[in-house]
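K.L.:
The structure file target36.txt (compact mmCIF, C-alpha atoms and all ligand atoms) is provided below.
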```txt
# COMPACT_ATOMS: atom_id res chain seq x y z
CA MET A 1 -12.68 -13.26 -22.08
CA LYS A 2 -9.75 -10.86 -22.13
CA SER A 3 -6.36 -12.25 -21.12
CA PHE A 4 -4.62 -10.01 -18.59
CA PHE A 5 -0.97 -10.47 -17.57
CA PRO A 6 -0.80 -14.12 -18.68
CA THR A 7 2.93 -14.38 -17.89
CA LEU A 8 2.40 -13.64 -14.18
CA LEU A 9 1.50 -16.77 -12.21
CA LYS A 10 -1.38 -16.70 -9.69
CA ASN A 11 -2.57 -13.23 -8.51
CA GLU A 12 -5.75 -13.81 -10.54
CA ARG A 13 -7.92 -11.23 -8.77
CA HIS A 14 -5.29 -8.49 -9.05
CA LYS A 15 -4.68 -9.29 -12.71
CA ALA A 16 -8.38 -9.01 -13.58
CA GLN A 17 -8.86 -5.80 -11.59
CA PHE A 18 -5.77 -4.06 -12.94
CA GLY A 19 -6.57 -5.17 -16.49
CA GLU A 20 -10.08 -3.71 -16.33
CA HIS A 21 -8.80 -0.46 -14.76
CA ILE A 22 -6.18 -0.02 -17.46
CA LEU A 23 -8.68 -0.58 -20.28
CA ARG A 24 -11.13 1.86 -18.70
CA GLY A 25 -8.40 4.39 -17.95
CA THR A 26 -9.23 4.31 -14.23
CA LEU A 27 -5.93 3.09 -12.82
CA ALA A 28 -4.79 4.99 -9.71
CA HIS A 29 -1.52 6.93 -9.86
CA ALA A 30 0.29 5.07 -7.08
CA TYR A 31 0.36 1.49 -5.83
CA LEU A 32 2.19 -0.36 -3.13
CA LEU A 33 3.07 -3.91 -4.17
CA GLN A 34 3.76 -5.90 -1.03
CA GLY A 35 5.22 -9.40 -0.62
CA PRO A 36 8.35 -11.34 0.32
CA THR A 37 11.36 -11.33 -2.00
CA GLY A 38 10.75 -13.47 -5.06
CA THR A 39 6.96 -13.09 -5.21
CA GLY A 40 7.05 -11.10 -8.47
CA LYS A 41 6.60 -7.49 -7.30
CA ASN A 42 9.14 -6.07 -9.73
CA PHE A 43 7.88 -8.27 -12.57
CA PHE A 44 4.27 -7.23 -11.96
CA ALA A 45 5.27 -3.53 -11.83
CA HIS A 46 6.93 -3.96 -15.24
CA LEU A 47 3.90 -5.79 -16.67
CA LEU A 48 1.56 -3.08 -15.39
CA SER A 49 3.81 -0.40 -16.88
CA ALA A 50 3.86 -2.23 -20.22
CA ALA A 51 0.09 -2.68 -20.14
CA LEU A 52 -0.38 1.06 -19.52
CA CYS A 53 1.70 1.94 -22.57
CA CYS A 54 0.99 -1.08 -24.83
CA HIS A 55 0.22 -0.06 -28.43
CA ARG A 56 -2.22 -2.94 -28.82
CA GLN A 57 -4.16 -2.19 -25.64
CA GLY A 58 -7.80 -3.25 -26.04
CA GLU A 59 -7.39 -5.16 -29.33
CA ASP A 60 -9.51 -8.29 -29.55
CA GLY A 61 -7.70 -11.57 -29.03
CA ILE A 62 -4.48 -9.84 -27.88
CA PRO A 63 -3.33 -10.30 -24.26
CA LEU A 64 -2.61 -7.24 -22.14
CA PRO A 65 0.24 -6.39 -22.26
CA CYS A 66 0.88 -7.83 -25.74
CA GLY A 67 4.57 -8.24 -24.89
CA ILE A 68 5.79 -7.64 -28.45
CA CYS A 69 4.91 -4.06 -29.49
CA PRO A 70 7.77 -1.51 -29.24
CA ALA A 71 6.40 -0.09 -25.96
CA CYS A 72 6.11 -3.52 -24.33
CA GLU A 73 9.51 -4.60 -25.57
CA LYS A 74 11.27 -1.50 -24.28
CA ILE A 75 9.52 -1.44 -20.91
CA LEU A 76 9.85 -5.16 -20.22
CA SER A 77 13.56 -5.04 -21.08
CA ASP A 78 14.07 -1.81 -19.08
CA LYS A 79 15.24 0.10 -22.13
CA THR A 80 13.13 3.24 -22.06
CA PRO A 81 13.96 6.63 -20.52
CA ASP A 82 10.39 6.85 -19.20
CA LEU A 83 10.82 4.04 -16.70
CA HIS A 84 12.81 5.04 -13.63
CA HIS A 85 14.08 2.92 -10.75
CA VAL A 86 14.84 4.16 -7.27
CA THR A 87 16.95 1.80 -5.16
CA ALA A 88 19.03 1.98 -2.02
CA GLY A 89 21.93 0.61 -4.08
CA ASP A 90 24.82 -0.23 -1.78
CA GLY A 91 23.49 2.12 0.88
CA ALA A 92 21.30 1.13 3.79
CA SER A 93 18.59 3.63 2.95
CA ILE A 94 16.90 5.69 0.23
CA GLY A 95 17.50 9.31 1.12
CA ILE A 96 15.68 12.52 0.36
CA ALA A 97 18.04 13.38 -2.54
CA ALA A 98 16.86 10.36 -4.55
CA ILE A 99 13.24 11.41 -4.07
CA HIS A 100 13.94 15.05 -5.01
CA GLU A 101 15.60 13.80 -8.17
CA ILE A 102 12.57 11.80 -9.36
CA LYS A 103 10.19 14.55 -8.25
CA SER A 104 11.78 17.12 -10.51
CA ASP A 105 11.84 14.59 -13.35
CA MET A 106 8.11 13.86 -12.97
CA TYR A 107 7.18 17.31 -14.23
CA LEU A 108 8.97 16.80 -17.56
CA SER A 109 6.99 15.19 -20.39
CA ALA A 110 7.46 11.54 -21.26
CA THR A 111 10.01 10.98 -24.02
CA GLU A 112 8.65 7.94 -25.83
CA GLN A 113 5.94 6.25 -23.77
CA ALA A 114 2.36 7.18 -22.89
CA LYS A 115 3.28 7.32 -19.19
CA LYS A 116 6.22 8.09 -16.97
CA ILE A 117 6.74 5.31 -14.50
CA TYR A 118 8.68 5.25 -11.24
CA ILE A 119 9.45 2.05 -9.38
CA VAL A 120 10.77 2.46 -5.83
CA HIS A 121 12.42 -0.81 -4.77
CA GLU A 122 12.58 -1.76 -1.09
CA ALA A 123 10.41 1.26 -0.32
CA GLU A 124 10.69 0.52 3.41
CA LYS A 125 14.30 1.72 3.12
CA MET A 126 13.12 5.28 2.44
CA THR A 127 14.13 7.56 5.30
CA THR A 128 11.34 9.46 7.04
CA ALA A 129 12.46 12.62 5.25
CA ALA A 130 12.36 10.80 1.90
CA GLN A 131 8.86 9.48 2.59
CA ASN A 132 7.66 12.92 3.58
CA ALA A 133 9.18 14.35 0.41
CA LEU A 134 7.26 11.80 -1.63
CA LEU A 135 3.91 12.67 0.00
CA VAL A 136 3.24 15.70 -2.20
CA VAL A 137 3.41 13.71 -5.44
CA LEU A 138 1.49 10.81 -3.93
CA GLU A 139 -1.23 13.29 -3.03
CA GLU A 140 -1.27 15.17 -6.30
CA PRO A 141 0.89 13.57 -8.96
CA PRO A 142 1.80 15.30 -12.22
CA PRO A 143 -0.29 14.02 -15.17
CA ASP A 144 0.66 10.69 -16.79
CA VAL A 145 2.83 9.66 -13.85
CA VAL A 146 2.44 6.27 -12.18
CA ILE A 147 4.40 5.29 -9.08
CA PHE A 148 4.95 1.75 -7.83
CA LEU A 149 6.34 1.28 -4.33
CA LEU A 150 7.66 -2.24 -3.78
CA CYS A 151 8.17 -3.52 -0.26
CA GLU A 152 8.20 -6.62 1.90
CA ASP A 153 6.46 -5.11 4.88
CA ALA A 154 4.29 -2.02 4.50
CA THR A 155 4.03 -1.47 8.26
CA SER A 156 7.48 0.10 8.20
CA LEU A 157 6.20 2.91 5.96
CA LEU A 158 4.66 6.08 7.38
CA PRO A 159 0.86 5.84 7.79
CA THR A 160 0.59 9.01 5.72
CA VAL A 161 2.34 7.25 2.81
CA ARG A 162 0.27 4.08 3.18
CA SER A 163 -2.99 6.01 3.19
CA ARG A 164 -2.19 7.66 -0.14
CA VAL A 165 -1.48 4.49 -2.11
CA GLN A 166 -3.47 1.37 -2.84
CA THR A 167 -1.87 -1.76 -1.42
CA VAL A 168 -1.66 -4.97 -3.40
CA ARG A 169 -0.49 -8.14 -1.67
CA MET A 170 1.25 -10.54 -4.02
CA SER A 171 -0.06 -14.13 -3.93
CA LEU A 172 1.93 -16.72 -2.03
CA PHE A 173 2.30 -20.24 -3.42
CA THR A 174 1.32 -23.38 -1.52
CA GLU A 175 4.02 -26.04 -1.22
CA ASP A 176 2.30 -28.11 -3.93
CA GLU A 177 2.22 -25.09 -6.23
CA LEU A 178 5.90 -24.37 -5.53
CA ASP A 179 6.71 -27.99 -6.33
CA ALA A 180 4.85 -27.78 -9.66
CA PHE A 181 6.48 -24.42 -10.43
CA LEU A 182 9.99 -25.72 -9.71
CA LYS A 183 9.47 -28.79 -11.85
CA THR A 184 8.75 -26.42 -14.77
CA ALA A 185 10.97 -23.40 -14.07
CA GLY A 186 13.89 -25.38 -12.64
CA ARG A 187 14.03 -27.83 -15.52
CA ASP A 188 17.82 -27.58 -15.76
CA ILE A 189 18.10 -28.97 -12.24
CA ARG A 190 18.46 -32.68 -11.73
CA PHE A 191 15.91 -33.17 -8.98
CA SER A 192 17.19 -36.67 -8.37
CA THR A 193 20.38 -35.13 -6.96
CA ILE A 194 18.49 -33.33 -4.16
CA ASP A 195 17.58 -35.66 -1.31
CA LYS A 196 13.95 -35.75 -0.21
CA GLU A 197 14.48 -34.16 3.20
CA HIS A 198 16.39 -31.19 1.72
CA TYR A 199 13.71 -30.74 -0.94
CA ARG A 200 10.93 -30.78 1.68
CA HIS A 201 12.90 -28.20 3.63
CA LEU A 202 13.24 -26.07 0.48
CA LEU A 203 9.46 -26.04 -0.09
CA THR A 204 8.84 -24.89 3.49
CA ALA A 205 11.77 -22.46 3.73
CA ALA A 206 10.67 -20.70 0.52
CA GLY A 207 7.74 -19.31 2.52
CA GLY A 208 5.42 -19.28 -0.50
CA SER A 209 7.84 -17.33 -2.70
CA PRO A 210 8.62 -18.91 -6.10
CA GLY A 211 11.71 -16.71 -6.50
CA LYS A 212 13.09 -17.78 -3.12
CA ALA A 213 12.36 -21.42 -4.00
CA LEU A 214 14.30 -21.08 -7.25
CA SER A 215 17.28 -19.52 -5.52
CA LEU A 216 17.22 -22.28 -2.88
CA LEU A 217 17.53 -24.81 -5.69
CA GLN A 218 21.18 -23.78 -5.89
CA THR A 219 23.01 -26.47 -3.93
CA LYS A 220 25.09 -24.02 -1.91
CA GLU A 221 22.11 -21.98 -0.79
CA LEU A 222 20.05 -25.04 0.00
CA ASN A 223 22.83 -26.58 2.09
CA ALA A 224 23.34 -23.32 4.00
CA SER A 225 19.61 -22.95 4.64
CA TYR A 226 19.34 -26.60 5.73
CA ALA A 227 22.31 -26.22 8.08
CA GLU A 228 20.62 -23.16 9.59
CA LYS A 229 17.50 -25.23 10.18
CA GLU A 230 19.58 -28.00 11.76
CA ARG A 231 21.10 -25.52 14.22
CA ALA A 232 17.64 -24.30 15.21
CA ARG A 233 16.44 -27.89 15.68
CA ALA A 234 19.47 -28.74 17.84
CA ILE A 235 18.68 -25.80 20.15
CA LEU A 236 15.03 -26.84 20.47
CA ARG A 237 16.00 -30.43 21.21
CA ALA A 238 18.35 -29.21 23.95
CA VAL A 239 15.57 -27.09 25.48
CA MET A 240 13.15 -30.02 25.26
CA ALA A 241 15.69 -32.28 26.97
CA ARG A 242 15.91 -29.64 29.74
CA ALA A 243 19.63 -29.32 29.15
CA ASP A 244 21.66 -27.28 31.63
CA PHE A 245 23.67 -24.18 30.71
CA LEU A 246 26.52 -26.20 29.21
CA GLY A 247 24.13 -28.40 27.23
CA ILE A 248 22.40 -25.37 25.76
CA HIS A 249 25.76 -23.73 25.16
CA GLU A 250 26.81 -26.73 23.08
CA ALA A 251 23.78 -26.21 20.82
CA THR A 252 24.03 -22.41 20.58
CA ALA A 253 27.81 -22.54 19.96
CA GLN A 254 26.99 -23.20 16.31
CA LEU A 255 25.15 -19.88 15.93
CA SER A 256 26.80 -17.19 13.85
CA THR A 257 28.86 -14.52 15.56
CA LYS A 258 27.96 -12.05 12.83
CA ARG A 259 25.20 -9.68 13.89
CA GLN A 260 22.93 -9.92 10.82
CA GLU A 261 23.35 -13.68 10.47
CA LEU A 262 22.63 -14.24 14.15
CA ALA A 263 19.46 -12.14 13.87
CA ALA A 264 18.36 -14.26 10.88
CA GLU A 265 19.07 -17.49 12.79
CA LEU A 266 17.10 -16.34 15.82
CA GLN A 267 14.30 -15.27 13.49
CA MET A 268 14.26 -18.83 12.15
CA LEU A 269 14.04 -20.18 15.70
CA ILE A 270 11.05 -17.90 16.24
CA LEU A 271 9.37 -19.46 13.19
CA ALA A 272 9.98 -22.91 14.67
CA ILE A 273 8.43 -21.84 17.98
CA ARG A 274 5.53 -20.29 16.14
CA ASP A 275 4.94 -23.69 14.46
CA LEU A 276 5.06 -25.51 17.81
CA ILE A 277 2.52 -23.06 19.27
CA VAL A 278 0.04 -23.32 16.38
CA LEU A 279 0.38 -27.12 16.32
CA LYS A 280 -0.68 -27.27 19.96
CA ARG A 281 -3.82 -25.40 18.97
CA GLU A 282 -4.56 -27.10 15.69
CA GLU A 283 -3.16 -30.42 14.54
CA HIS A 284 -3.20 -29.59 10.82
CA ALA A 285 -2.11 -25.93 10.95
CA PRO A 286 0.08 -24.79 8.03
CA LEU A 287 3.74 -24.72 9.08
CA CYS A 288 6.47 -22.14 8.39
CA PHE A 289 9.56 -23.93 9.67
CA PHE A 290 8.98 -27.65 10.06
CA SER A 291 8.25 -29.73 6.98
CA THR A 292 5.86 -32.06 8.81
CA PRO A 293 4.05 -32.15 12.19
CA GLU A 294 6.07 -35.30 13.01
CA GLU A 295 9.31 -33.39 12.60
CA ALA A 296 7.96 -30.66 14.91
CA GLU A 297 6.95 -33.25 17.49
CA GLU A 298 10.41 -34.76 17.47
CA CYS A 299 12.13 -31.38 18.06
CA GLY A 300 9.85 -29.73 20.56
CA GLY A 301 6.56 -31.53 20.93
CA SER A 302 6.80 -31.84 24.70
CA ILE A 303 7.78 -28.22 25.39
CA SER A 304 4.84 -26.65 27.24
CA MET A 305 2.88 -23.72 25.82
CA ARG A 306 4.08 -21.51 28.66
CA CYS A 307 7.73 -22.35 27.89
CA LEU A 308 7.16 -21.75 24.18
CA PHE A 309 5.86 -18.25 24.88
CA ASP A 310 8.82 -17.61 27.21
CA LEU A 311 11.20 -18.75 24.46
CA TYR A 312 9.40 -16.55 21.96
CA ASP A 313 9.69 -13.45 24.19
CA THR A 314 13.33 -14.20 24.96
CA LEU A 315 14.17 -14.43 21.26
CA ARG A 316 12.26 -11.26 20.36
CA GLU A 317 14.17 -9.42 23.06
CA ALA A 318 17.50 -10.81 21.79
CA ILE A 319 16.72 -9.64 18.23
CA THR A 320 15.85 -6.17 19.50
CA GLN A 321 19.16 -6.05 21.34
CA ILE A 322 21.06 -7.16 18.24
CA ARG A 323 19.46 -4.25 16.37
CA GLN A 324 20.44 -1.92 19.19
CA ASN A 325 24.06 -3.00 18.73
CA ALA A 326 24.43 -4.97 21.97
CA ASN A 327 27.45 -7.28 22.14
CA VAL A 328 26.72 -10.51 20.24
CA ASN A 329 28.56 -12.80 22.70
CA THR A 330 26.70 -11.27 25.63
CA ILE A 331 23.39 -11.83 23.86
CA VAL A 332 24.16 -15.53 23.29
CA THR A 333 25.29 -15.97 26.92
CA ILE A 334 22.01 -14.44 28.11
CA LEU A 335 20.13 -16.77 25.77
CA ASN A 336 21.97 -19.78 27.23
CA THR A 337 21.04 -18.74 30.76
CA LYS A 338 17.40 -18.11 29.88
CA PHE A 339 17.01 -21.26 27.77
CA SER A 340 18.50 -23.46 30.50
CA SER A 341 16.23 -21.98 33.19
CA ILE A 342 13.04 -21.75 31.17
CA HIS A 343 11.61 -25.05 32.46
CA THR A 344 12.27 -24.23 36.08
CA LYS A 345 10.28 -21.00 35.88
CA ARG A 346 6.93 -22.76 35.71
ZN ZN A 401 2.31 -4.17 -26.28
```
Would you mind writing the file out in structure tokens?

P.N.:
Amino acid sequence: MKSFFPTLLKNERHKAQFGEHILRGTLAHAYLLQGPTGTGKNFFAHLLSAALCCHRQGEDGIPLPCGICPACEKILSDKTPDLHHVTAGDGASIGIAAIHEIKSDMYLSATEQAKKIYIVHEAEKMTTAAQNALLVVLEEPPPDVVIFLLCEDATSLLPTVRSRVQTVRMSLFTEDELDAFLKTAGRDIRFSTIDKEHYRHLLTAAGGSPGKALSLLQTKELNASYAEKERARAILRAVMARADFLGIHEATAQLSTKRQELAAELQMLILAIRDLIVLKREEHAPLCFFSTPEEAEECGGSISMRCLFDLYDTLREAITQIRQNANVNTIVTILNTKFSSIHTKR
């Protein structure tokens, strides 16, 4: 049996399908690789590009891509003029100018590879104008051009863009798989120095992403992420204890006053509430925030379903307001009022 993309973990179905398409010459001209940060989207795009141009494509007993021919070497190390990256860089968005630039380049012949490849990172950052500008080439691309759009959440792309590309969802790892992966990939780390509770938190907080898990192995990141979780747990405990305004205020006082950080913290609280809701429905449901059902029980087990949904709506509303530039202190004050009255509304 042919070995396709052996260096990419998991994603077995995608690897087999893409491998067959490349050997038959039936690969589409544009793909959307979707998944959280650290799930290998960029790596897979490079492997696919190498496979498309590999000099040993189709040889018996040689994996695809071979990884060592000149085409593979140059593409995998990003050292070929035929592989182009589009990024937002320091900016918040990818504008129309960046798309016009690659569009005009697409009509020039490849310099050294069999294909010209374009990887658009964080494709959801393309402005509407940029996405519309890309439509023409997605519809009818110049010959020998392949486009990879990488994004976390495809729903933020225009439906017209989504309908012109094939979407590939990167595989997520289970906590056991992440553990096994870290024990191999993180071999420089002394696991004995990470306490069990922090490590359990890491496996959950990684959300199935091996890249995120690796970055959380850094002590500083892990401590910050764990502290964030602690803040969320303190708020839930205060709600469960039916604390008054001041009691809730004491718990929310630890939240960040920076807009983006506050939004991320409230998003984490939403994950915790999501866990509490699914646990009420199914005892063994997979969790996104809590490491164990016992931990969830201790933080919010006795909060009623109705209150959980109220909390959820309140937090969604707060995040929307943060995005609409409402005053951060006002948002937290409103949260304190709502959280302290949520039990009395029943
Ligand atoms: Zn090769």

K.L.:
When you draw a straight line from CA of Asn329 in chain A to CA of Ile303 in chain A, how long is it in Å?

P.N.:
26.0 Å

K.L.:
Could you tell me how far CA of Ile334 in chain A lies from CA of Leu287 in chain A, in Å and to one decimal?

P.N.:
28.3 Å

K.L.:
Determine, counting only C-alpha atoms, which protein, DNA and RNA residues have an atom within 10 Å of an atom of Leu47 in chain A; residues of the same chain fewer than 4 positions away are not included. Present the result as a PyMOL selection string.

P.N.:
chain A and resi 4-8+41-43+51-54+64-67+72+75-76

K.L.:
Near range 314-320 of chain A, counting only C-alpha atoms, which residues have an atom at most 12 Å away, once you skip same-chain residues fewer than 2 positions from it, shown as a count of residues only?

P.N.:
43

K.L.:
Could you please determine the separation between CA of Lys212 in chain A and CA of Asp82 in chain A in Å, to one decimal place?

P.N.:
29.5 Å

K.L.:
With distances taken over all atoms listed in the file, which of A:Leu217, A:Phe290, A:Cys299, A:Ala123 is nearest to Leu236 in chain A?

P.N.:
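Closest residue, counting all atoms listed in the file: A:Cys299.
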
K.L.:
What's the 10 Å shell around Ser109 in chain A, counting all atoms listed in the file, without same-chain residues fewer than 6 positions away, as a list in words?

P.N.:
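What passes the distance filter is Asp82, Lys115, Lys116, Pro142, Pro143, Asp144 and Val145 of chain A.
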
K.L.:
Between A:Val165, A:Ala185, A:Leu83, A:Ala114, which has the minimum distance to Ala28 in chain A (counting only C-alpha atoms)?

P.N.:
A:Val165

K.L.:
Using all atoms listed in the file, which residue out of A:His29, A:Tyr118, A:Ser291, A:Asp60 lies closest to Lys196 in chain A?

P.N.:
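The answer is A:Ser291, which sits nearest to Lys196 in chain A.
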
K.L.:
Could you check which of A:Thr257, A:Ala45, A:Phe191, A:Ser304 is closest to Ile147 in chain A, using all atoms listed in the file?

P.N.:
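With all atoms listed in the file as the atom set, the closest residue is A:Ala45.
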
K.L.:
Which residues, written as a ChimeraX atom specification, have at least one atom at most 10 Å from Ala206 in chain A, with all atoms listed in the file counted and residues fewer than 3 positions away on the same chain left out?

P.N.:
/A:36-38,172-175,178,201-203,209-216,288-289

K.L.:
Which is closest to ligand ZN 401 (chain A) among A:His21, A:Arg169, A:Lys15, A:Arg56, if we use only C-alpha atoms and all ligand atoms?

P.N.:
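Ranking A:His21, A:Arg169, A:Lys15, A:Arg56 by distance to ligand ZN 401 (chain A), first place goes to A:Arg56.
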
K.L.:
Check the smallest atom-to-atom distance from each of A:Arg306, A:Lys258, A:Lys229, A:Lys125 to Leu158 in chain A using only C-alpha atoms, then report the winner.

P.N.:
A:Lys125

K.L.:
Which residues come within 8 Å of Thr80 in chain A, counting only C-alpha atoms, excluding same-chain residues fewer than 5 positions away, as a ChimeraX atom specification?

P.N.:
/A:74-75,112-113

K.L.:
Got a sec to check which residues sit within 12 Å of (7.4, -2.8, 1.5), counting all atoms listed in the file, and write them as a VMD selection string?

P.N.:
chain A and resid 31 to 37 41 to 42 120 to 126 148 to 158 161 to 162 167 to 170

K.L.:
Please supply range 213-230 of chain A, rebuilt with N, CA, C and O atoms, as a tab-separated table (two decimals), in the frame of the given file.

P.N.:
```
chain	number	residue	atom	x	y	z
A	213	ALA	N	12.25	-19.98	-3.76
A	213	ALA	CA	12.36	-21.42	-4.00
A	213	ALA	C	13.38	-21.70	-5.09
A	213	ALA	O	14.23	-22.58	-4.97
A	214	LEU	N	13.34	-20.89	-6.15
A	214	LEU	CA	14.30	-21.08	-7.25
A	214	LEU	C	15.72	-20.85	-6.77
A	214	LEU	O	16.63	-21.61	-7.13
A	215	SER	N	15.91	-19.79	-5.95
A	215	SER	CA	17.28	-19.52	-5.52
A	215	SER	C	17.75	-20.61	-4.56
A	215	SER	O	18.93	-20.96	-4.53
A	216	LEU	N	16.82	-21.19	-3.79
A	216	LEU	CA	17.22	-22.28	-2.88
A	216	LEU	C	17.57	-23.56	-3.63
A	216	LEU	O	18.17	-24.46	-3.07
A	217	LEU	N	17.18	-23.62	-4.90
A	217	LEU	CA	17.53	-24.81	-5.69
A	217	LEU	C	19.04	-24.90	-5.92
A	217	LEU	O	19.57	-25.96	-6.24
A	218	GLN	N	19.72	-23.75	-5.76
A	218	GLN	CA	21.18	-23.78	-5.89
A	218	GLN	C	21.74	-24.56	-4.70
A	218	GLN	O	21.42	-24.24	-3.55
A	219	THR	N	22.54	-25.56	-4.97
A	219	THR	CA	23.01	-26.47	-3.93
A	219	THR	C	23.59	-25.74	-2.72
A	219	THR	O	23.28	-26.05	-1.58
A	220	LYS	N	24.42	-24.71	-3.00
A	220	LYS	CA	25.09	-24.02	-1.91
A	220	LYS	C	24.07	-23.36	-0.98
A	220	LYS	O	24.15	-23.46	0.23
A	221	GLU	N	23.12	-22.68	-1.59
A	221	GLU	CA	22.11	-21.98	-0.79
A	221	GLU	C	21.26	-22.96	-0.01
A	221	GLU	O	20.90	-22.71	1.15
A	222	LEU	N	20.91	-24.06	-0.66
A	222	LEU	CA	20.05	-25.04	0.00
A	222	LEU	C	20.78	-25.66	1.19
A	222	LEU	O	20.23	-25.79	2.28
A	223	ASN	N	22.06	-26.00	1.00
A	223	ASN	CA	22.83	-26.58	2.09
A	223	ASN	C	22.96	-25.62	3.26
A	223	ASN	O	22.83	-25.99	4.42
A	224	ALA	N	23.20	-24.31	2.94
A	224	ALA	CA	23.34	-23.32	4.00
A	224	ALA	C	22.02	-23.17	4.75
A	224	ALA	O	21.99	-23.10	5.99
A	225	SER	N	20.92	-23.12	4.00
A	225	SER	CA	19.61	-22.95	4.64
A	225	SER	C	19.28	-24.18	5.49
A	225	SER	O	18.74	-24.07	6.59
A	226	TYR	N	19.62	-25.36	4.99
A	226	TYR	CA	19.34	-26.60	5.73
A	226	TYR	C	20.17	-26.65	7.01
A	226	TYR	O	19.68	-27.05	8.07
A	227	ALA	N	21.43	-26.22	6.90
A	227	ALA	CA	22.31	-26.22	8.08
A	227	ALA	C	21.75	-25.26	9.14
A	227	ALA	O	21.79	-25.54	10.34
A	228	GLU	N	21.22	-24.14	8.68
A	228	GLU	CA	20.62	-23.16	9.59
A	228	GLU	C	19.44	-23.80	10.34
A	228	GLU	O	19.26	-23.63	11.54
A	229	LYS	N	18.66	-24.55	9.57
A	229	LYS	CA	17.50	-25.23	10.18
A	229	LYS	C	17.98	-26.27	11.21
A	229	LYS	O	17.41	-26.38	12.29
A	230	GLU	N	19.03	-26.99	10.85
A	230	GLU	CA	19.58	-28.00	11.76
A	230	GLU	C	20.01	-27.38	13.09
A	230	GLU	O	19.78	-27.93	14.15
```
